[in-house]
Amino acid sequence: MHDLNRQQTTTDDIPPLWMLEDARALYLQPFNDLLFQAHSIHRENFDPNRLQFSKLINIKTGGCPEDCGYCSQSSHHEAGLKASKLLSCEQVLVEAQKAKDAGATRYCMGAAWRSPKARDEATIVAMVKGVKALGLETCMTLGMLSPGQAQTFAEAGLDYYNHNVDTSERFYPEVITTRRFGERLETLAHVREAGIKVCSGGIMGLGENEDDRIDMLVTLANLPSPPESVPINMLIPVPGTKMADAAPVDPIAFVRIVALARLLMPRSHVRLSAGRNAMSDELQALCFFAGANSIFIGDTLLTTANPGEDKDQNLFRRLGLTAENGR
């Protein structure tokens, strides 16, 4: 079994520097050994039978100028999605209350923007303050942020900012050409410097290879502070997008990535995100054992399907899993 201790080259307050070859060795070890290690690390840091529930709402749909090859909201694609205006703060708060009533502890708000415009910042600030007043953690995903924007949202009380790196730096240009990989990292740095917690992960199934997936996690683990939340998404191919005909991800390989995320970032919440609707109960169960301990609830994730409450509750009951808040 691969020795995790040899990676611990710094103090407990500073995460270890991971090398690609060491992460690859963890990933490639026998499946049972990998799961045993990941689950053991998971138990050291979390209650293995508790899940953190988040709810995601699209506060501004479609018309995005970015050309992300997987996204139905890109203006570069003919996915049949009509662009909408930014929702009102009142609409968002009504939905946030419903999310809280359903057991969510974090409310995530996403807008299909390259970056927020100055005219919308006051509304975003009002949303953050309103959702926090309901007793929920707040998360936003609005595209790239300047240092000033990050500071403005931090002062409003924003808890988390989501900005996925999506894939490795090597494969990134095959997925997105309208911004650089480095710009993703710059936004994460601005968010961290403003005192907001980071939510950042990737997508499996874009056409990347095994090393790209591993390298994406190494990039996140080697940030000055690893993300507090790490979403692991399985691509949902959308007709009209560049990735519409992408080959499905091998389920065992997907579990391996979840396990590796847990090993490289022991104290982070690893979120089983997009694609759960296409996953079997058995695959989800393996992911939870491997260290995934956060999900999105509700039957829609932005523009794609997500398991409904009844289906989720049935699975959680059979697995003996409960919400992090005890509900």
# chains A, B, ... in the order shown; residues from 1 in each chain; ligands from 1
call {"tool": "residues_around", "arguments": {"residues": "range 152-168 of chain A", "least_positions_apart": "3", "cutoff": "7 Å", "atoms": "only C-alpha atoms", "output": "PDB file with C-alpha atoms, in the first residue's frame"}}
result
ATOM      1  CA  VAL A 125     -24.783  41.832  -2.403  1.00  0.00           C
ATOM      2  CA  VAL A 128     -25.907  37.306  -0.173  1.00  0.00           C
ATOM      3  CA  LYS A 129     -27.152  39.294   2.800  1.00  0.00           C
ATOM      4  CA  GLU A 137     -24.275  29.478   4.137  1.00  0.00           C
ATOM      5  CA  THR A 138     -23.880  31.423   0.909  1.00  0.00           C
ATOM      6  CA  CYS A 139     -22.022  30.480  -2.258  1.00  0.00           C
ATOM      7  CA  MET A 140     -21.775  32.301  -5.575  1.00  0.00           C
ATOM      8  CA  THR A 141     -20.414  31.304  -8.981  1.00  0.00           C
ATOM      9  CA  GLY A 143     -17.256  33.780 -13.453  1.00  0.00           C
ATOM     10  CA  GLY A 148     -12.223  44.560  -5.788  1.00  0.00           C
ATOM     11  CA  GLN A 149     -15.244  42.423  -6.609  1.00  0.00           C
ATOM     12  CA  PHE A 171      -6.065  19.752 -21.543  1.00  0.00           C
ATOM     13  CA  TYR A 172      -7.782  23.030 -20.707  1.00  0.00           C
ATOM     14  CA  ARG A 184      -9.023  30.556 -13.242  1.00  0.00           C
ATOM     15  CA  LEU A 188      -9.247  31.677  -6.853  1.00  0.00           C
ATOM     16  CA  VAL A 191     -11.267  35.002  -3.553  1.00  0.00           C
ATOM     17  CA  ALA A 194     -10.550  38.474   0.301  1.00  0.00           C
ATOM     18  CA  GLY A 195     -11.218  35.894   3.016  1.00  0.00           C
ATOM     19  CA  ILE A 196     -13.882  33.890   1.160  1.00  0.00           C
ATOM     20  CA  LYS A 197     -13.761  30.097   1.275  1.00  0.00           C
ATOM     21  CA  VAL A 198     -12.960  28.403  -2.040  1.00  0.00           C
ATOM     22  CA  CYS A 199     -15.083  25.842  -3.883  1.00  0.00           C
ATOM     23  CA  SER A 200     -13.262  24.410  -6.886  1.00  0.00           C
ATOM     24  CA  GLY A 201     -13.202  21.069  -8.663  1.00  0.00           C
ATOM     25  CA  GLY A 202     -13.447  19.514 -12.091  1.00  0.00           C
ATOM     26  CA  ILE A 203     -15.423  17.566 -14.647  1.00  0.00           C
ATOM     27  CA  ASP A 212      -5.283  15.072 -16.710  1.00  0.00           C
ATOM     28  CA  ARG A 213      -7.735  14.058 -14.003  1.00  0.00           C
ATOM     29  CA  ASP A 215      -3.158  16.614 -12.389  1.00  0.00           C
ATOM     30  CA  MET A 216      -6.340  18.641 -11.911  1.00  0.00           C
TER      31      MET A 216
END
call {"tool": "select_by_dssp", "arguments": {"residues": "range 16-101 of chain A", "states": "alpha helix (DSSP H)", "output": "count of residues only"}}
result
37
call {"tool": "residues_around", "arguments": {"residues": "Pro116 in chain A", "least_positions_apart": "3", "cutoff": "9 Å", "atoms": "only C-alpha atoms", "output": "number ranges by chain"}}
result
A: 111, 113, 119-121, 142-145, 149
call {"tool": "write_last_selection", "arguments": {"atoms": "N, CA and C atoms", "output": "short mmCIF file (atom, residue, chain, number, x, y, z; two decimals), in the first residue's frame"}}
result
data_model
loop_
_atom_site.label_atom_id
_atom_site.label_comp_id
_atom_site.auth_asym_id
_atom_site.auth_seq_id
_atom_site.Cartn_x
_atom_site.Cartn_y
_atom_site.Cartn_z
N ALA A 111 -24.55 32.42 -12.01
CA ALA A 111 -24.95 33.27 -13.14
C ALA A 111 -24.05 32.97 -14.33
N TRP A 113 -22.16 34.26 -16.60
CA TRP A 113 -21.40 35.46 -16.94
C TRP A 113 -19.93 35.10 -17.13
N ARG A 119 -23.18 47.01 -12.66
CA ARG A 119 -24.60 47.31 -12.43
C ARG A 119 -25.31 46.22 -11.64
N ASP A 120 -24.75 45.01 -11.62
CA ASP A 120 -25.41 43.89 -10.94
C ASP A 120 -24.86 43.63 -9.54
N GLU A 121 -23.79 44.32 -9.16
CA GLU A 121 -23.15 44.01 -7.89
C GLU A 121 -24.06 44.28 -6.69
N LEU A 142 -19.98 33.21 -10.38
CA LEU A 142 -20.32 34.31 -11.28
C LEU A 142 -19.27 34.53 -12.36
N GLY A 143 -18.34 33.59 -12.51
CA GLY A 143 -17.26 33.78 -13.45
C GLY A 143 -16.04 34.40 -12.79
N MET A 144 -15.23 35.08 -13.55
CA MET A 144 -14.00 35.67 -13.02
C MET A 144 -14.31 36.87 -12.13
N LEU A 145 -13.50 37.05 -11.09
CA LEU A 145 -13.64 38.18 -10.18
C LEU A 145 -12.35 38.98 -10.12
N GLN A 149 -13.97 43.13 -6.68
CA GLN A 149 -15.24 42.42 -6.61
C GLN A 149 -15.23 41.38 -5.50
#
call {"tool": "closest_residue", "arguments": {"among": "A:Glu309, A:Asp67, A:Asp250, A:Glu169", "to": "Leu185 in chain A", "atoms": "only C-alpha atoms"}}
result
A:Glu169
call {"tool": "residues_around", "arguments": {"residues": "Pro248 in chain A", "least_positions_apart": "3", "cutoff": "10 Å", "atoms": "only C-alpha atoms", "output": "mmCIF file with N, CA, C and O atoms, in the first residue's frame"}}
result
data_model
loop_
_atom_site.group_PDB
_atom_site.id
_atom_site.type_symbol
_atom_site.label_atom_id
_atom_site.label_comp_id
_atom_site.auth_asym_id
_atom_site.auth_seq_id
_atom_site.Cartn_x
_atom_site.Cartn_y
_atom_site.Cartn_z
ATOM 1 N N MET A 204 -15.283 15.195 -15.057
ATOM 2 C CA MET A 204 -14.780 13.985 -15.685
ATOM 3 C C MET A 204 -15.590 13.703 -16.955
ATOM 4 O O MET A 204 -16.820 13.843 -16.944
ATOM 5 N N GLY A 205 -14.905 13.311 -18.034
ATOM 6 C CA GLY A 205 -15.607 12.917 -19.247
ATOM 7 C C GLY A 205 -15.534 13.908 -20.380
ATOM 8 O O GLY A 205 -16.302 13.810 -21.343
ATOM 9 N N LEU A 206 -14.608 14.862 -20.314
ATOM 10 C CA LEU A 206 -14.471 15.885 -21.353
ATOM 11 C C LEU A 206 -13.608 15.413 -22.523
ATOM 12 O O LEU A 206 -13.457 16.137 -23.504
ATOM 13 N N GLY A 207 -13.046 14.217 -22.388
ATOM 14 C CA GLY A 207 -12.089 13.707 -23.369
ATOM 15 C C GLY A 207 -10.675 13.699 -22.837
ATOM 16 O O GLY A 207 -9.725 13.366 -23.543
ATOM 17 N N MET A 234 -19.516 14.580 -13.121
ATOM 18 C CA MET A 234 -19.494 13.688 -14.269
ATOM 19 C C MET A 234 -20.221 14.396 -15.407
ATOM 20 O O MET A 234 -21.358 14.865 -15.234
ATOM 21 N N LEU A 235 -19.565 14.522 -16.553
ATOM 22 C CA LEU A 235 -20.155 15.257 -17.666
ATOM 23 C C LEU A 235 -21.542 14.733 -18.018
ATOM 24 O O LEU A 235 -21.762 13.529 -18.136
ATOM 25 N N ILE A 236 -22.454 15.675 -18.183
ATOM 26 C CA ILE A 236 -23.770 15.374 -18.750
ATOM 27 C C ILE A 236 -23.737 15.909 -20.178
ATOM 28 O O ILE A 236 -23.833 17.121 -20.392
ATOM 29 N N PRO A 237 -23.571 15.041 -21.187
ATOM 30 C CA PRO A 237 -23.499 15.531 -22.571
ATOM 31 C C PRO A 237 -24.804 16.215 -22.980
ATOM 32 O O PRO A 237 -25.882 15.644 -22.832
ATOM 33 N N ASP A 245 -21.139 14.435 -27.846
ATOM 34 C CA ASP A 245 -20.909 13.014 -28.152
ATOM 35 C C ASP A 245 -19.778 12.411 -27.325
ATOM 36 O O ASP A 245 -19.196 11.392 -27.710
ATOM 37 N N PRO A 251 -17.144 4.004 -14.490
ATOM 38 C CA PRO A 251 -17.532 4.234 -13.093
ATOM 39 C C PRO A 251 -16.414 3.960 -12.086
ATOM 40 O O PRO A 251 -16.273 4.700 -11.104
#
call {"tool": "atom_distance", "arguments": {"atom1": "CA of Val218 in chain A", "atom2": "CA of Arg192 in chain A"}}
result
18.0 Å
